[in-house]
file query_26.cif (mmCIF, C-alpha atoms)
data_upload
loop_
_atom_site.label_atom_id
_atom_site.label_comp_id
_atom_site.auth_asym_id
_atom_site.auth_seq_id
_atom_site.Cartn_x
_atom_site.Cartn_y
_atom_site.Cartn_z
CA MET S 15 95.10 63.30 148.73
CA LYS S 16 96.76 61.46 145.86
CA LYS S 17 93.40 61.07 144.09
CA PHE S 18 92.68 64.76 144.67
CA ALA S 19 96.06 65.72 143.25
CA LEU S 20 95.46 63.54 140.21
CA GLY S 21 92.00 65.08 139.80
CA CYS S 22 93.37 68.59 139.96
CA GLY S 23 96.09 67.68 137.49
CA GLY S 24 93.50 66.27 135.08
CA LEU S 25 91.38 69.38 135.39
CA VAL S 26 94.36 71.61 134.70
CA ALA S 27 95.20 69.52 131.64
CA VAL S 28 91.64 69.81 130.34
CA LEU S 29 91.59 73.55 130.92
CA LEU S 30 94.96 73.85 129.18
CA LEU S 31 93.67 71.94 126.17
CA VAL S 32 90.57 74.11 126.06
CA ALA S 33 92.70 77.24 126.25
CA ILE S 34 94.91 75.98 123.42
CA ALA S 35 91.87 75.12 121.30
CA VAL S 36 90.33 78.54 121.91
CA GLY S 37 93.64 80.20 121.09
CA ILE S 38 93.99 78.27 117.84
CA GLY S 39 90.39 79.01 116.94
CA GLY S 40 90.87 82.68 117.70
CA CYS S 41 94.00 82.83 115.56
CA GLY S 42 92.14 81.15 112.72
CA THR S 43 89.26 83.61 112.99
CA TYR S 44 91.65 86.55 113.13
CA ASN S 45 93.57 85.35 110.09
CA GLY S 46 90.31 84.85 108.21
CA ILE S 47 89.22 88.41 108.94
CA VAL S 48 92.59 89.77 107.88
CA ALA S 49 92.34 87.83 104.61
CA LYS S 50 88.89 89.29 103.92
CA GLN S 51 90.14 92.76 104.74
CA GLN S 52 92.93 92.27 102.20
CA GLN S 53 90.34 91.20 99.64
CA THR S 54 88.43 94.45 100.13
CA GLU S 55 91.62 96.45 99.63
CA SER S 56 92.50 94.47 96.52
CA ALA S 57 88.99 94.97 95.15
CA TRP S 58 89.24 98.70 95.83
CA ALA S 59 92.52 98.87 93.92
CA GLN S 60 90.73 97.48 90.87
CA VAL S 61 87.97 100.07 91.26
CA GLU S 62 90.58 102.83 91.35
CA ASN S 63 92.39 101.37 88.34
CA GLN S 64 89.26 101.54 86.19
CA TYR S 65 88.40 105.08 87.29
CA LYS S 66 91.99 106.11 86.57
CA ARG S 67 91.84 104.49 83.15
CA ARG S 68 88.75 106.55 82.36
CA ALA S 69 90.41 109.73 83.63
CA ASP S 70 93.46 109.01 81.46
CA LEU S 71 91.29 108.71 78.34
CA ILE S 72 89.53 112.03 78.84
CA PRO S 73 92.36 114.43 77.82
CA SER S 74 92.67 112.69 74.45
CA LEU S 75 88.91 112.78 74.03
CA VAL S 76 88.78 116.50 74.84
CA GLU S 77 91.60 117.24 72.38
CA THR S 78 89.80 115.35 69.64
CA VAL S 79 86.41 116.93 70.29
CA LYS S 80 87.57 120.53 70.69
CA GLY S 81 88.90 120.44 67.13
CA ALA S 82 85.34 120.41 65.82
CA ALA S 83 84.04 123.75 64.62
CA ASN S 84 81.70 125.50 67.07
CA PHE S 85 81.64 122.64 69.57
CA GLU S 86 80.17 123.72 72.91
CA ARG S 87 83.09 124.98 74.97
CA SER S 88 81.06 124.94 78.17
CA THR S 89 80.56 121.19 77.78
CA LEU S 90 84.29 120.63 77.41
CA THR S 91 85.04 122.89 80.37
CA GLU S 92 82.58 120.96 82.53
CA VAL S 93 84.31 117.67 81.70
CA VAL S 94 87.78 119.05 82.38
CA GLU S 95 86.74 120.56 85.73
CA ALA S 96 84.88 117.41 86.78
CA ARG S 97 87.90 115.27 85.92
CA ALA S 98 90.17 117.52 87.99
CA ALA S 99 87.84 117.28 91.00
CA ALA S 100 87.47 113.50 90.70
CA THR S 101 91.20 112.86 90.58
CA GLN S 102 91.75 114.85 93.79
CA VAL S 103 89.71 112.51 95.99
CA LYS S 104 91.85 109.74 97.50
CA ILE S 105 90.55 106.82 99.53
CA ASP S 106 92.40 104.62 102.03
CA PRO S 107 90.44 101.35 101.80
CA ALA S 108 91.80 100.20 105.16
CA ASN S 109 90.13 103.13 106.94
CA VAL S 110 87.41 104.26 104.55
CA THR S 111 84.34 105.91 106.09
CA PRO S 112 80.84 106.29 104.60
CA GLU S 113 81.47 110.03 104.27
CA GLN S 114 84.69 109.51 102.33
CA LEU S 115 83.12 106.97 100.01
CA LYS S 116 80.17 109.30 99.36
CA GLN S 117 82.55 112.12 98.47
CA PHE S 118 84.36 109.81 96.06
CA GLU S 119 81.05 108.73 94.51
CA ASP S 120 79.80 112.30 94.20
CA THR S 121 82.86 113.52 92.32
CA GLN S 122 83.00 110.47 90.07
CA GLY S 123 79.27 110.77 89.43
CA ARG S 124 79.70 114.39 88.41
CA LEU S 125 82.39 113.32 85.94
CA SER S 126 80.18 110.53 84.58
CA SER S 127 77.35 112.99 83.97
CA ALA S 128 79.59 115.56 82.31
CA LEU S 129 81.20 112.92 80.12
CA SER S 130 77.82 111.52 79.14
CA ARG S 131 76.57 114.97 78.09
CA LEU S 132 79.71 115.55 76.04
CA LEU S 133 79.39 112.27 74.19
CA VAL S 134 75.70 112.82 73.51
CA SER S 135 76.47 116.31 72.19
CA VAL S 136 78.80 114.79 69.61
CA GLU S 137 75.75 113.34 67.85
CA ARG S 138 75.17 116.80 66.39
CA TYR S 139 78.60 116.79 64.74
CA PRO S 140 78.84 114.34 61.81
CA GLU S 141 82.53 115.10 61.26
CA LEU S 142 83.30 114.00 64.82
CA ARG S 143 81.13 110.92 64.59
CA ALA S 144 83.08 109.90 61.51
CA ASN S 145 86.45 110.60 63.17
CA ALA S 146 88.33 107.31 63.62
CA ASN S 147 90.18 108.58 66.70
CA PHE S 148 86.93 109.64 68.34
CA GLN S 149 85.33 106.29 67.55
CA THR S 150 88.24 104.48 69.22
CA LEU S 151 88.12 106.68 72.31
CA GLN S 152 84.34 106.35 72.55
CA ALA S 153 84.61 102.56 72.46
CA GLN S 154 87.36 102.57 75.10
CA ILE S 155 85.37 104.82 77.41
CA GLU S 156 82.24 102.73 77.01
CA GLY S 157 84.24 99.60 77.85
CA THR S 158 85.75 101.30 80.88
CA GLU S 159 82.33 102.33 82.17
CA ASN S 160 81.27 98.69 82.01
CA ARG S 161 84.41 97.59 83.86
CA ILE S 162 83.84 100.25 86.52
CA ALA S 163 80.39 98.82 87.20
CA VAL S 164 81.84 95.30 87.45
CA GLU S 165 84.64 96.30 89.83
CA ARG S 166 82.29 98.30 92.04
CA GLN S 167 80.13 95.21 92.42
CA ARG S 168 83.16 93.08 93.24
CA PHE S 169 84.18 95.59 95.89
CA ASP S 170 80.71 95.50 97.43
CA ASP S 171 80.83 91.69 97.43
CA ALA S 172 84.21 91.73 99.21
CA VAL S 173 82.92 94.25 101.76
CA LYS S 174 79.84 92.11 102.40
CA SER S 175 82.02 89.06 103.10
CA TYR S 176 84.29 91.08 105.42
CA ASN S 177 81.42 92.75 107.29
CA THR S 178 79.68 89.42 107.78
CA ALA S 179 82.86 87.91 109.19
CA ILE S 180 83.31 90.61 111.82
CA LEU S 181 79.65 90.84 112.82
CA GLN S 182 78.97 87.14 113.28
CA PHE S 183 80.20 85.08 116.23
CA PRO S 184 83.06 84.32 116.89
CA GLY S 185 84.42 86.95 114.53
CA SER S 186 82.61 89.67 116.46
CA LEU S 187 84.71 88.85 119.55
CA VAL S 188 87.97 89.04 117.61
CA ALA S 189 86.82 92.17 115.76
CA GLY S 190 86.01 93.94 119.02
CA PHE S 191 89.35 93.01 120.54
CA ARG S 192 91.40 93.93 117.44
CA HIS S 193 89.30 96.96 116.45
CA PHE S 194 88.04 95.72 113.09
CA THR S 195 85.12 97.89 112.00
CA PRO S 196 82.51 97.52 109.23
CA LYS S 197 83.29 99.06 105.84
CA PRO S 198 80.79 101.03 103.75
CA TYR S 199 79.29 99.90 100.46
CA PHE S 200 78.82 101.95 97.35
CA GLN S 201 75.49 103.72 97.77
CA ALA S 202 74.99 105.11 94.29
CA PRO S 203 71.68 106.57 93.11
CA ALA S 204 69.55 104.30 90.97
CA GLY S 205 70.92 104.05 87.46
CA SER S 206 74.30 105.61 88.22
CA ASP S 207 76.09 102.33 87.52
CA THR S 208 74.60 102.18 84.03
CA PRO S 209 77.17 103.18 81.40
CA PRO S 210 76.35 106.51 79.75
CA PRO S 211 74.59 106.39 76.35
CA VAL S 212 77.70 106.67 74.21
CA LYS S 213 76.69 104.46 71.29
CA PHE S 214 76.12 106.17 67.98
CA ASP S 215 75.09 105.02 64.55
CA PHE S 216 78.21 105.93 62.62
CA GLY S 217 76.63 104.64 59.44
CA LYS S 218 74.40 107.70 59.17
CA GLY S 219 75.88 110.70 57.47
CA THR S 220 73.29 113.19 58.61
CA ASN S 221 71.40 113.98 61.77
CA LYS S 222 67.64 113.99 61.99
#

call {"tool": "encode", "arguments": {"input": "query_26.cif", "output": "structure tokens"}}
result
Amino acid sequence: MKKFALGCGGLVAVLLLVAIAVGIGGCGTYNGIVAKQQQTESAWAQVENQYKRRADLIPSLVETVKGAANFERSTLTEVVEARAAATQVKIDPANVTPEQLKQFEDTQGRLSSALSRLLVSVERYPELRANANFQTLQAQIEGTENRIAVERQRFDDAVKSYNTAILQFPGSLVAGFRHFTPKPYFQAPAGSDTPPPVKFDFGKGTNK
């Protein structure tokens, strides 16, 4: 009986150690997933910052461009309306859905297209192309477009790391228990991450 008691006690001790190890491992996995989730939210904040920076530059650009004689008002109106629509879409990165991200992309893509057409139209206006304020704004917008592309990629990288963590074992067990769900990636059309053609040859005084 004594040997049996000792055997039972040893088994209980082993099971207790196993339970502790599993608990510690589970906590570590959970904390790792939480950290990756925080990284996706941080990456999204940088995406938003760059889109906001672009939106903040547009009013000054519109004011500068509309001073040119006979500039296409419809082009300016399209940019203003697209900016207004883009700034209305808000995303919660902790609970973002594919549908929400697509809506965000669609409105930002519409703004990118309108802005690109405006900047290309300026090529027909030598006085604008020679305007120092316009040149500064054009350079800032071009730089922002590049940073947007970079931050979008960083967000996708963070999402990939997070999704992998919750889909692979043992993270999948923790994710199912704590209701972690996969996050969507940017699914932009081909070429939409390429900055708009906003470079001009300011050395030329006339258009051909």

call {"tool": "resolve_selection", "arguments": {"input": "query_26.cif", "expression": "the PyMOL selection byres ((chain S and resi 194) around 12)", "output": "ChimeraX atom specification"}}
result
/S:44,47-48,50-51,108-109,176-181,185-193,195-197

call {"tool": "atom_distance", "arguments": {"input": "query_26.cif", "atom1": "CA of Val79 in chain S", "atom2": "CA of Arg124 in chain S"}}
result
19.5 Å

call {"tool": "residues_near_point", "arguments": {"input": "query_26.cif", "point": "(84.5, 98.1, 90.3)", "cutoff": "12 Å", "atoms": "only C-alpha atoms", "output": "ChimeraX atom specification"}}
result
/S:54-66,119,158-172,199-200,207

call {"tool": "resolve_selection", "arguments": {"input": "query_26.cif", "expression": "the PyMOL selection byres ((chain S and resi 80-87) around 9)", "output": "JSON, numbers by chain"}}
result
{"S": [75, 76, 77, 78, 79, 88, 89, 90, 91, 92, 132, 135, 136, 139, 141, 142]}

call {"tool": "closest_residue", "arguments": {"input": "query_26.cif", "among": "S:Pro198, S:Pro107, S:Pro112, S:Pro73", "to": "Phe148 in chain S", "atoms": "all atoms listed in the file"}}
result
S:Pro73
